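Below is the file my_file32.cif, which contains mmCIF, C-alpha atoms.
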```cif
data_my_file
#
loop_
_atom_site.group_PDB
_atom_site.id
_atom_site.type_symbol
_atom_site.label_atom_id
_atom_site.label_comp_id
_atom_site.auth_asym_id
_atom_site.auth_seq_id
_atom_site.Cartn_x
_atom_site.Cartn_y
_atom_site.Cartn_z
ATOM 1 C CA ARG A 1 299.787 77.091 -5.852
ATOM 2 C CA MET A 2 297.197 78.240 -8.387
ATOM 3 C CA LYS A 3 295.306 74.964 -7.951
ATOM 4 C CA ALA A 4 295.215 75.443 -4.182
ATOM 5 C CA GLN A 5 293.943 79.000 -4.574
ATOM 6 C CA LEU A 6 291.243 77.818 -6.971
ATOM 7 C CA GLU A 7 290.089 75.128 -4.544
ATOM 8 C CA LYS A 8 290.012 77.666 -1.711
ATOM 9 C CA LEU A 9 287.904 80.030 -3.815
ATOM 10 C CA GLN A 10 285.491 77.241 -4.740
ATOM 11 C CA ASN A 11 285.073 76.276 -1.087
ATOM 12 C CA GLU A 12 284.315 79.896 -0.145
ATOM 13 C CA ILE A 13 281.736 80.158 -2.929
ATOM 14 C CA SER A 14 280.054 76.937 -1.866
ATOM 15 C CA GLN A 15 279.883 78.046 1.775
ATOM 16 C CA ILE A 16 278.375 81.420 0.826
ATOM 17 C CA ALA A 17 275.927 79.648 -1.480
ATOM 18 C CA ARG A 18 274.742 77.398 1.358
ATOM 19 C CA LYS A 19 274.294 80.402 3.673
ATOM 20 C CA THR A 20 272.495 82.640 1.185
ATOM 21 C CA GLY A 21 270.621 79.953 -0.716
ATOM 22 C CA ILE A 22 272.018 81.123 -4.052
ATOM 23 C CA SER A 23 273.102 78.063 -5.978
ATOM 24 C CA SER A 24 274.154 79.775 -9.174
ATOM 25 C CA ALA A 25 277.776 80.873 -9.134
ATOM 26 C CA THR A 26 277.024 83.511 -11.773
ATOM 27 C CA LYS A 27 274.450 85.246 -9.587
ATOM 28 C CA LEU A 28 276.788 84.986 -6.627
ATOM 29 C CA ALA A 29 279.603 86.587 -8.596
ATOM 30 C CA LEU A 30 277.365 89.560 -9.349
ATOM 31 C CA LEU A 31 276.900 90.116 -5.622
ATOM 32 C CA THR A 32 280.567 89.882 -4.699
ATOM 33 C CA SER A 33 282.644 93.047 -4.485
ATOM 34 C CA ASP A 34 285.285 93.952 -7.033
ATOM 35 C CA THR A 35 287.933 94.777 -4.418
ATOM 36 C CA ALA A 36 291.230 92.989 -4.762
ATOM 37 C CA ASP A 37 292.151 90.245 -2.329
ATOM 38 C CA THR A 38 294.864 91.753 -0.165
ATOM 39 C CA ASP A 39 295.648 88.408 1.476
ATOM 40 C CA ARG A 40 296.630 86.831 -1.815
ATOM 41 C CA VAL A 41 300.331 86.115 -2.121
ATOM 42 C CA PRO A 42 301.610 87.414 -5.479
ATOM 43 C CA ASP A 43 303.800 85.308 -7.707
ATOM 44 C CA ILE A 44 306.536 87.953 -7.667
ATOM 45 C CA GLU A 45 306.870 90.682 -5.074
ATOM 46 C CA TRP A 46 307.329 94.232 -6.292
ATOM 47 C CA TRP A 47 310.812 94.512 -4.830
ATOM 48 C CA ASP A 48 311.867 91.342 -6.663
ATOM 49 C CA SER A 49 310.397 92.425 -9.977
ATOM 50 C CA VAL A 50 313.234 94.931 -10.397
ATOM 51 C CA ILE A 51 315.932 92.288 -10.504
ATOM 52 C CA LEU A 52 313.946 89.565 -12.301
ATOM 53 C CA MET A 53 313.987 89.428 -16.071
ATOM 54 C CA THR A 54 310.963 90.044 -18.231
ATOM 55 C CA PRO A 55 309.916 87.411 -20.795
ATOM 56 C CA GLU A 56 311.594 89.431 -23.558
ATOM 57 C CA GLU A 57 314.859 89.601 -21.614
ATOM 58 C CA ARG A 58 314.724 85.880 -20.893
ATOM 59 C CA GLU A 59 314.168 85.173 -24.578
ATOM 60 C CA GLN A 60 317.213 87.250 -25.504
ATOM 61 C CA LYS A 61 319.306 85.493 -22.883
ATOM 62 C CA ARG A 62 318.127 82.118 -24.150
ATOM 63 C CA LYS A 63 319.268 83.018 -27.639
ATOM 64 C CA ARG A 64 322.697 84.140 -26.409
ATOM 65 C CA THR A 65 323.466 81.003 -24.430
ATOM 66 C CA THR A 66 323.648 77.538 -25.875
ATOM 67 C CA THR A 67 322.457 75.795 -22.757
ATOM 68 C CA GLU A 68 319.207 77.669 -22.634
ATOM 69 C CA SER A 69 318.592 77.133 -26.342
ATOM 70 C CA GLN A 70 318.116 73.429 -25.591
ATOM 71 C CA ASP A 71 315.380 74.268 -23.048
ATOM 72 C CA SER A 72 312.035 73.783 -24.786
ATOM 73 C CA ARG A 73 309.908 75.116 -21.928
ATOM 74 C CA SER A 74 307.834 78.249 -22.359
ATOM 75 C CA ASP A 75 308.338 81.399 -20.327
ATOM 76 C CA THR A 76 305.301 80.676 -18.158
ATOM 77 C CA ALA A 77 306.542 77.175 -17.422
ATOM 78 C CA ARG A 78 309.969 78.494 -16.514
ATOM 79 C CA VAL A 79 308.468 81.068 -14.118
ATOM 80 C CA ASP A 80 306.253 78.426 -12.521
ATOM 81 C CA ALA A 81 309.232 76.140 -12.139
ATOM 82 C CA CYS A 82 311.182 78.969 -10.560
ATOM 83 C CA ASN A 83 308.322 79.755 -8.147
ATOM 84 C CA THR A 84 307.892 76.153 -7.067
ATOM 85 C CA GLY A 85 311.620 75.676 -6.577
ATOM 86 C CA GLU A 86 312.078 73.261 -9.467
ATOM 87 C CA ASP A 87 314.239 75.725 -11.383
ATOM 88 C CA ASP A 88 317.169 77.816 -10.248
ATOM 89 C CA ILE A 89 316.117 81.426 -9.652
ATOM 90 C CA VAL A 90 319.591 82.592 -10.629
ATOM 91 C CA ASP A 91 318.720 81.817 -14.238
ATOM 92 C CA ASN A 92 315.944 84.430 -14.105
ATOM 93 C CA LEU A 93 317.981 87.197 -12.466
ATOM 94 C CA ASN A 94 318.749 90.391 -14.349
ATOM 95 C CA GLU A 95 322.400 90.806 -13.493
ATOM 96 C CA ASP A 96 322.557 94.267 -15.074
ATOM 97 C CA ALA A 97 320.162 95.596 -12.408
ATOM 98 C CA ILE A 98 322.409 94.435 -9.549
ATOM 99 C CA THR A 99 325.244 96.815 -8.675
ATOM 100 C CA ASN A 100 327.588 97.361 -5.762
ATOM 101 C CA LEU A 101 325.897 100.660 -4.891
ATOM 102 C CA VAL A 102 323.834 101.172 -1.744
ATOM 103 C CA GLU A 103 320.652 103.203 -2.038
ATOM 104 C CA HIS A 104 320.274 105.601 0.859
ATOM 105 C CA PRO A 105 316.884 107.091 1.779
ATOM 106 C CA GLN A 106 316.316 110.730 0.961
ATOM 107 C CA GLN A 107 317.075 113.047 3.844
ATOM 108 C CA LEU A 108 314.047 115.181 4.674
ATOM 109 C CA ARG A 109 314.240 118.540 6.408
ATOM 110 C CA PRO A 110 312.963 118.438 10.002
ATOM 111 C CA PRO A 111 309.805 120.541 10.435
ATOM 112 C CA THR A 112 311.310 122.490 13.342
ATOM 113 C CA GLU A 113 314.479 123.453 11.474
ATOM 114 C CA PRO A 114 314.512 127.128 10.403
ATOM 115 C CA LEU A 115 314.404 127.887 6.698
ATOM 116 C CA LYS A 116 317.400 130.233 6.892
ATOM 117 C CA PRO A 117 320.607 129.178 8.661
ATOM 118 C CA THR A 118 321.243 130.943 11.939
ATOM 119 C CA TYR A 119 324.724 132.126 12.811
ATOM 120 C CA MET A 120 326.082 132.951 16.233
ATOM 121 C CA PRO A 121 326.904 136.676 16.386
ATOM 122 C CA VAL A 122 330.510 137.580 17.165
ATOM 123 C CA PHE A 123 330.952 140.000 20.057
ATOM 124 C CA LEU A 124 334.259 141.869 20.202
ATOM 125 C CA THR A 125 335.934 142.959 23.399
ATOM 126 C CA LYS A 126 336.529 146.619 24.174
ATOM 127 C CA LYS A 127 340.197 146.298 23.253
ATOM 128 C CA GLU A 128 339.332 144.666 19.924
ATOM 129 C CA ARG A 129 336.747 147.352 19.121
ATOM 130 C CA LYS A 130 339.290 150.110 19.788
ATOM 131 C CA LYS A 131 341.866 148.352 17.634
ATOM 132 C CA LEU A 132 339.376 147.896 14.783
ATOM 133 C CA ARG A 133 338.344 151.560 14.969
ATOM 134 C CA ARG A 134 341.972 152.661 14.966
ATOM 135 C CA GLN A 135 342.760 150.553 11.911
ATOM 136 C CA SER A 136 339.725 151.779 9.957
ATOM 137 C CA ARG A 137 340.512 155.413 10.744
ATOM 138 C CA ARG A 138 344.122 154.918 9.667
ATOM 139 C CA GLU A 139 343.015 153.400 6.363
ATOM 140 C CA ALA A 140 340.628 156.314 5.746
ATOM 141 C CA TRP A 141 343.380 158.825 6.562
ATOM 142 C CA LYS A 142 345.818 157.118 4.179
ATOM 143 C CA GLU A 143 343.226 157.136 1.411
ATOM 144 C CA GLU A 144 342.560 160.843 1.958
ATOM 145 C CA GLN A 145 346.291 161.637 1.910
ATOM 146 C CA GLU A 146 346.675 159.702 -1.333
ATOM 147 C CA LYS A 147 343.893 161.734 -2.974
ATOM 148 C CA VAL A 148 345.550 164.979 -1.855
ATOM 149 C CA ARG A 149 348.910 163.785 -3.172
ATOM 150 C CA LEU A 150 347.382 162.983 -6.571
ATOM 151 C CA GLY A 151 345.640 166.353 -6.720
ATOM 152 C CA LEU A 152 342.130 164.929 -6.652
ATOM 153 C CA GLU A 153 341.201 166.895 -3.539
ATOM 154 C CA ALA A 154 342.374 170.151 -2.021
ATOM 155 C CA PRO A 155 344.470 169.851 1.129
ATOM 156 C CA PRO A 156 342.365 170.358 4.269
ATOM 157 C CA GLU A 157 342.670 173.507 6.321
ATOM 158 C CA PRO A 158 344.777 173.295 9.468
ATOM 159 C CA LYS A 159 342.628 172.384 12.449
ATOM 160 C CA LEU A 160 342.972 175.523 14.524
ATOM 161 C CA ARG A 161 342.112 175.840 18.190
ATOM 162 C CA ILE A 162 342.720 178.529 20.745
ATOM 163 C CA SER A 163 345.349 176.362 22.393
ATOM 164 C CA ASN A 164 347.424 175.779 19.227
ATOM 165 C CA LEU A 165 346.826 179.194 17.660
ATOM 166 C CA MET A 166 350.330 180.562 18.138
ATOM 167 C CA ARG A 167 352.025 177.296 17.293
ATOM 168 C CA ALA A 168 350.060 176.749 14.045
ATOM 169 C CA LEU A 169 350.146 180.293 12.630
ATOM 170 C CA GLY A 170 353.362 181.627 14.131
ATOM 171 C CA THR A 171 354.142 185.227 13.124
ATOM 172 C CA GLU A 172 350.824 185.610 11.328
ATOM 173 C CA ALA A 173 348.996 185.382 14.651
ATOM 174 C CA THR A 174 350.999 188.253 16.117
ATOM 175 C CA GLN A 175 350.219 190.677 13.295
ATOM 176 C CA ASP A 176 346.444 190.820 13.869
ATOM 177 C CA PRO A 177 345.499 188.735 16.921
ATOM 178 C CA THR A 178 341.857 189.875 16.965
ATOM 179 C CA ALA A 179 341.149 188.839 13.367
ATOM 180 C CA ILE A 180 342.997 185.548 13.800
ATOM 181 C CA GLU A 181 341.028 184.748 16.960
ATOM 182 C CA ALA A 182 337.753 185.499 15.189
ATOM 183 C CA LYS A 183 338.821 183.252 12.312
ATOM 184 C CA VAL A 184 339.687 180.428 14.710
ATOM 185 C CA ARG A 185 336.386 180.745 16.571
ATOM 186 C CA ALA A 186 334.480 180.710 13.268
ATOM 187 C CA GLN A 187 336.306 177.536 12.274
ATOM 188 C CA ILE A 188 335.481 175.950 15.630
ATOM 189 C CA ALA A 189 331.800 176.869 15.202
ATOM 190 C CA LYS A 190 331.840 175.443 11.681
ATOM 191 C CA ARG A 191 333.263 172.134 12.900
ATOM 192 C CA GLN A 192 330.727 172.012 15.705
ATOM 193 C CA LYS A 193 327.862 172.663 13.278
ATOM 194 C CA ALA A 194 329.094 169.955 10.879
ATOM 195 C CA HIS A 195 329.285 167.519 13.787
ATOM 196 C CA LEU A 196 325.734 168.279 14.927
ATOM 197 C CA ASP A 197 324.408 168.078 11.366
ATOM 198 C CA ALA A 198 325.997 164.656 10.899
ATOM 199 C CA ASN A 199 324.447 163.416 14.142
ATOM 200 C CA ARG A 200 321.074 164.839 13.144
ATOM 201 C CA ALA A 201 321.268 163.120 9.751
ATOM 202 C CA ARG A 202 322.008 159.765 11.383
ATOM 203 C CA ALA A 203 319.234 160.135 13.942
ATOM 204 C CA LEU A 204 316.139 157.985 13.412
ATOM 205 C CA THR A 205 312.733 159.474 12.872
ATOM 206 C CA ASP A 206 309.835 158.739 15.203
ATOM 207 C CA GLN A 207 308.442 156.180 12.765
ATOM 208 C CA GLN A 208 311.833 154.472 12.450
ATOM 209 C CA LYS A 209 312.197 154.399 16.237
ATOM 210 C CA ARG A 210 308.814 152.698 16.581
ATOM 211 C CA GLU A 211 309.719 150.177 13.876
ATOM 212 C CA LYS A 212 313.035 149.457 15.582
ATOM 213 C CA ALA A 213 311.300 148.879 18.914
ATOM 214 C CA ASP A 214 308.796 146.556 17.210
ATOM 215 C CA ARG A 215 311.600 144.590 15.542
ATOM 216 C CA LYS A 216 313.277 144.063 18.899
ATOM 217 C CA ILE A 217 310.026 142.809 20.423
ATOM 218 C CA ARG A 218 308.661 140.703 17.573
ATOM 219 C CA GLU A 219 309.918 137.141 17.205
ATOM 220 C CA ASP A 220 309.673 134.564 14.462
ATOM 221 C CA THR A 221 307.032 131.998 15.455
ATOM 222 C CA THR A 222 306.791 130.199 12.102
ATOM 223 C CA VAL A 223 309.015 127.352 13.304
ATOM 224 C CA ALA A 224 307.942 126.988 16.938
ATOM 225 C CA VAL A 225 305.452 128.765 19.198
ATOM 226 C CA HIS A 226 305.908 128.938 22.964
ATOM 227 C CA VAL A 227 302.741 128.785 25.048
ATOM 228 C CA ALA A 228 302.201 129.638 28.713
ATOM 229 C CA VAL A 229 299.109 129.109 30.866
ATOM 230 C CA TYR A 230 298.488 131.227 33.982
ATOM 231 C CA ARG A 231 295.811 130.671 36.609
ATOM 232 C CA VAL A 232 294.410 133.724 38.392
ATOM 233 C CA LYS A 233 291.900 133.506 41.208
ATOM 234 C CA ASP A 234 289.762 136.389 40.013
ATOM 235 C CA LEU A 235 290.000 138.996 37.264
ATOM 236 C CA PHE A 236 286.443 140.302 37.486
ATOM 237 C CA GLU A 237 287.072 142.743 40.312
ATOM 238 C CA CYS A 238 290.667 143.678 39.355
ATOM 239 C CA ALA A 239 290.156 146.126 36.505
ATOM 240 C CA SER A 240 293.725 147.458 36.574
ATOM 241 C CA ALA A 241 295.222 143.957 36.474
ATOM 242 C CA LYS A 242 292.913 142.986 33.624
ATOM 243 C CA PHE A 243 294.025 146.086 31.728
ATOM 244 C CA LYS A 244 297.715 145.263 32.258
ATOM 245 C CA VAL A 245 297.220 141.658 31.163
ATOM 246 C CA GLU A 246 295.571 142.705 27.904
ATOM 247 C CA VAL A 247 297.627 145.779 27.011
ATOM 248 C CA ASN A 248 301.010 144.184 27.721
ATOM 249 C CA ALA A 249 300.105 141.226 25.518
ATOM 250 C CA GLN A 250 299.241 143.644 22.712
ATOM 251 C CA GLN A 251 302.435 145.646 23.186
ATOM 252 C CA LEU A 252 304.534 142.470 23.110
ATOM 253 C CA HIS A 253 302.664 141.289 19.972
ATOM 254 C CA MET A 254 301.508 138.108 21.689
ATOM 255 C CA THR A 255 298.350 136.152 20.962
ATOM 256 C CA GLY A 256 296.121 134.127 23.232
ATOM 257 C CA CYS A 257 292.902 134.270 25.183
ATOM 258 C CA VAL A 258 291.498 134.863 28.662
ATOM 259 C CA VAL A 259 288.834 132.646 30.218
ATOM 260 C CA LEU A 260 286.901 134.457 32.953
ATOM 261 C CA HIS A 261 285.121 132.446 35.641
ATOM 262 C CA ARG A 262 284.222 133.117 39.230
ATOM 263 C CA GLY A 263 286.958 131.681 41.401
ATOM 264 C CA CYS A 264 289.266 130.658 38.541
ATOM 265 C CA CYS A 265 290.458 132.660 35.530
ATOM 266 C CA VAL A 266 292.851 131.260 32.936
ATOM 267 C CA VAL A 267 295.227 133.330 30.780
ATOM 268 C CA VAL A 268 296.776 131.606 27.746
ATOM 269 C CA VAL A 269 299.458 133.480 25.773
ATOM 270 C CA GLU A 270 301.493 132.515 22.704
ATOM 271 C CA GLY A 271 304.742 134.036 21.487
ATOM 272 C CA GLY A 272 308.506 133.737 21.432
ATOM 273 C CA PRO A 273 310.969 133.115 24.287
ATOM 274 C CA LYS A 274 311.843 136.790 24.844
ATOM 275 C CA GLN A 275 308.194 137.798 24.775
ATOM 276 C CA HIS A 276 307.349 135.125 27.338
ATOM 277 C CA SER A 277 310.218 136.242 29.552
ATOM 278 C CA LYS A 278 308.826 139.782 29.733
ATOM 279 C CA TYR A 279 305.228 138.622 30.150
ATOM 280 C CA LYS A 280 306.173 136.121 32.844
ATOM 281 C CA ARG A 281 307.877 138.864 34.832
ATOM 282 C CA LEU A 282 304.709 140.945 34.493
ATOM 283 C CA MET A 283 302.361 138.208 35.669
ATOM 284 C CA LEU A 284 304.450 136.865 38.541
ATOM 285 C CA ASN A 285 306.400 139.903 39.801
ATOM 286 C CA ARG A 286 305.231 143.275 38.529
ATOM 287 C CA ILE A 287 301.515 142.884 39.220
ATOM 288 C CA LYS A 288 300.926 142.749 42.986
ATOM 289 C CA TRP A 289 298.051 140.288 43.030
ATOM 290 C CA GLU A 290 298.038 139.925 46.820
ATOM 291 C CA ASP A 291 297.133 143.604 47.254
ATOM 292 C CA ASP A 292 293.636 142.895 45.892
ATOM 293 C CA SER A 293 291.158 140.878 47.918
ATOM 294 C CA VAL A 294 288.645 138.595 46.245
ATOM 295 C CA LYS A 295 285.852 136.394 47.517
ATOM 296 C CA ASP A 296 286.232 132.641 47.493
ATOM 297 C CA ALA A 297 283.480 130.023 47.220
ATOM 298 C CA ASP A 298 282.558 130.461 50.910
ATOM 299 C CA GLY A 299 282.228 134.229 50.526
ATOM 300 C CA SER A 300 285.233 135.107 52.675
ATOM 301 C CA GLU A 301 287.852 137.645 51.632
ATOM 302 C CA VAL A 302 291.125 136.081 50.423
ATOM 303 C CA PRO A 303 294.106 137.680 48.654
ATOM 304 C CA ASN A 304 294.251 137.290 44.901
ATOM 305 C CA SER A 305 297.029 135.158 43.388
ATOM 306 C CA CYS A 306 298.514 134.084 40.062
ATOM 307 C CA GLN A 307 300.367 130.854 39.278
ATOM 308 C CA LEU A 308 302.146 129.631 36.181
ATOM 309 C CA VAL A 309 300.375 126.356 35.404
ATOM 310 C CA TRP A 310 302.268 125.226 32.306
ATOM 311 C CA GLU A 311 304.687 126.511 29.699
ATOM 312 C CA GLY A 312 306.241 124.871 26.707
#
```
Could you write out this structure as structure tokens?
Amino acid sequence: RMKAQLEKLQNEISQIARKTGISSATKLALLTSDTADTDRVPDIEWWDSVILMTPEEREQKRKRTTTESQDSRSDTARVDACNTGEDDIVDNLNEDAITNLVEHPQQLRPPTEPLKPTYMPVFLTKKERKKLRRQSRREAWKEEQEKVRLGLEAPPEPKLRISNLMRALGTEATQDPTAIEAKVRAQIAKRQKAHLDANRARALTDQQKREKADRKIREDTTVAVHVAVYRVKDLFECASAKFKVEVNAQQLHMTGCVVLHRGCCVVVVEGGPKQHSKYKRLMLNRIKWEDDSVKDADGSEVPNSCQLVWEG
């Protein structure tokens, strides 16, 4: 094989020498590039080099076996004999590198897969919500009763109302009805005030309300971005429609561009599925394009229109 490659190389050099007129092989070698010949067939492929023994390993194996100790060939001669088929390739195999294991390729994460796992939210029925609320309130009541029993908290005052006044206080209510009624009404007002204060403490501020509304509108577009293209006949003369197209895109936190041209205007928007659902309803239903008249190429008045060209 090496002899054939050498003859092929000599023939190529002689042909180039005849074409260029350079007879000296040394001068011709200076002009040739240093790039490796990719068409050359290697003696051992890279995937076979893992399971074939190195000269040192073959020498150790030759010393261990008696049959190979009688072989007087050199390592190069043995490799050449193995390459030409004159020697058994099994003698040059590294059996320690061959196992019964299968190498599987590494699993790569798809680019469209989200970084955090998404879970389907669980929605409870009305009956289940009432049952869960009843159980949680019972557990809280039992915990409060246990604290009162252990003396950690004072027992709560009886919950007095005008309807249960006589039943809760008994003879005490008949001794001074006016004072007892005032006491009951003060307790009712106190409970009402505590209830309103708790609601006021849980209420969101204006800044928190705006942030909550923004969170409901914004969508994660790091994995995939939905794009929609709308074609409008004319946006030059429709100032109100142009304002709605721009402001609604800003309010929905969508990106894109508008291309204005006489007779054909293009609106391109980018965002999430929910954002596109709201914007699509704006462009195709909420804005009454046919109420505005625009001029076509012939100069005649025609109603304005908007079509969804593409989305994906």
**Q.** Expected selection from the PyMOL selection byres ((chain A and resi 270-282) around 6), given as a VMD selection string
**A.** chain A and resid 219 225 to 227 254 to 256 269 283 to 286
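Note that CA of Lys216 in chain A and CA of Leu124 in chain A are 21.1 Å apart.
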Could you tell me which residues the PyMOL selection byres ((chain A and resi 236) around 9) returns for this structure, as a list of chain:residue names? A:Asp234, A:Leu235, A:Glu237, A:Cys238, A:Ala239, A:Lys242, A:Leu260, A:His261, A:Arg262, A:Cys265
Write the residues of the selection above to a file with C-alpha atoms, as a PDB file, in the frame of the given file.
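The resulting result02.pdb:
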```pdb
ATOM      1  CA  ASP A 234     289.762 136.389  40.013  1.00  0.00           C
ATOM      2  CA  LEU A 235     290.000 138.996  37.264  1.00  0.00           C
ATOM      3  CA  GLU A 237     287.072 142.743  40.312  1.00  0.00           C
ATOM      4  CA  CYS A 238     290.667 143.678  39.355  1.00  0.00           C
ATOM      5  CA  ALA A 239     290.156 146.126  36.505  1.00  0.00           C
ATOM      6  CA  LYS A 242     292.913 142.986  33.624  1.00  0.00           C
ATOM      7  CA  LEU A 260     286.901 134.457  32.953  1.00  0.00           C
ATOM      8  CA  HIS A 261     285.121 132.446  35.641  1.00  0.00           C
ATOM      9  CA  ARG A 262     284.222 133.117  39.230  1.00  0.00           C
ATOM     10  CA  CYS A 265     290.458 132.660  35.530  1.00  0.00           C
TER      11      CYS A 265
END
```
| query | How many Å separate CA of Cys306 in chain A from CA of Thr222 in chain A? | reply |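 CA of Thr222 in chain A lies 29.4 Å from CA of Cys306 in chain A.
Across the structure, CA of Glu45 in chain A and CA of Arg58 in chain A are spaced 18.3 Å apart.
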Would you pick out the contacts of Leu169 in chain A at 12 Å or less, using only C-alpha atoms, so that residues sharing its chain but fewer than 6 positions from it are not included, and give the list as a ChimeraX atom specification? /A:157-163,175-177,180-181,183-184
One residue among A:Ser136, A:His253, A:Glu246, A:Lys63 is nearest to Ala213 in chain A when using only C-alpha atoms, and that residue is A:His253
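Residues lying within 9 Å of Val302 in chain A, counting only C-alpha atoms and ignoring same-chain neighbours fewer than 6 positions away, are Glu290, Asp292, Ser293, Val294, Lys295 and Asp296 of chain A.
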Using C-alpha atoms, can you write the selected residues to a file as a short mmCIF file (atom, residue, chain, number, x, y, z; two decimals), keeping the file's coordinate frame?
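Final output, again23.cif:
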```cif
data_model
loop_
_atom_site.label_atom_id
_atom_site.label_comp_id
_atom_site.auth_asym_id
_atom_site.auth_seq_id
_atom_site.Cartn_x
_atom_site.Cartn_y
_atom_site.Cartn_z
CA GLU A 290 298.04 139.93 46.82
CA ASP A 292 293.64 142.90 45.89
CA SER A 293 291.16 140.88 47.92
CA VAL A 294 288.64 138.60 46.24
CA LYS A 295 285.85 136.39 47.52
CA ASP A 296 286.23 132.64 47.49
#
```
From A:Leu132, A:Lys8, A:Gln208, A:Asn94, residue lying nearest Met53 in chain A [all atoms listed in the file]
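Ranked by minimum distance to Met53 in chain A, first place goes to A:Asn94.
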task = Tell me, as a PyMOL selection string, which residues lie within 8 Å of Gln307 in chain A, counting all atoms listed in the file; anything in the same chain fewer than 2 positions away does not count.
result = chain A and resi 230-232+284+305+309
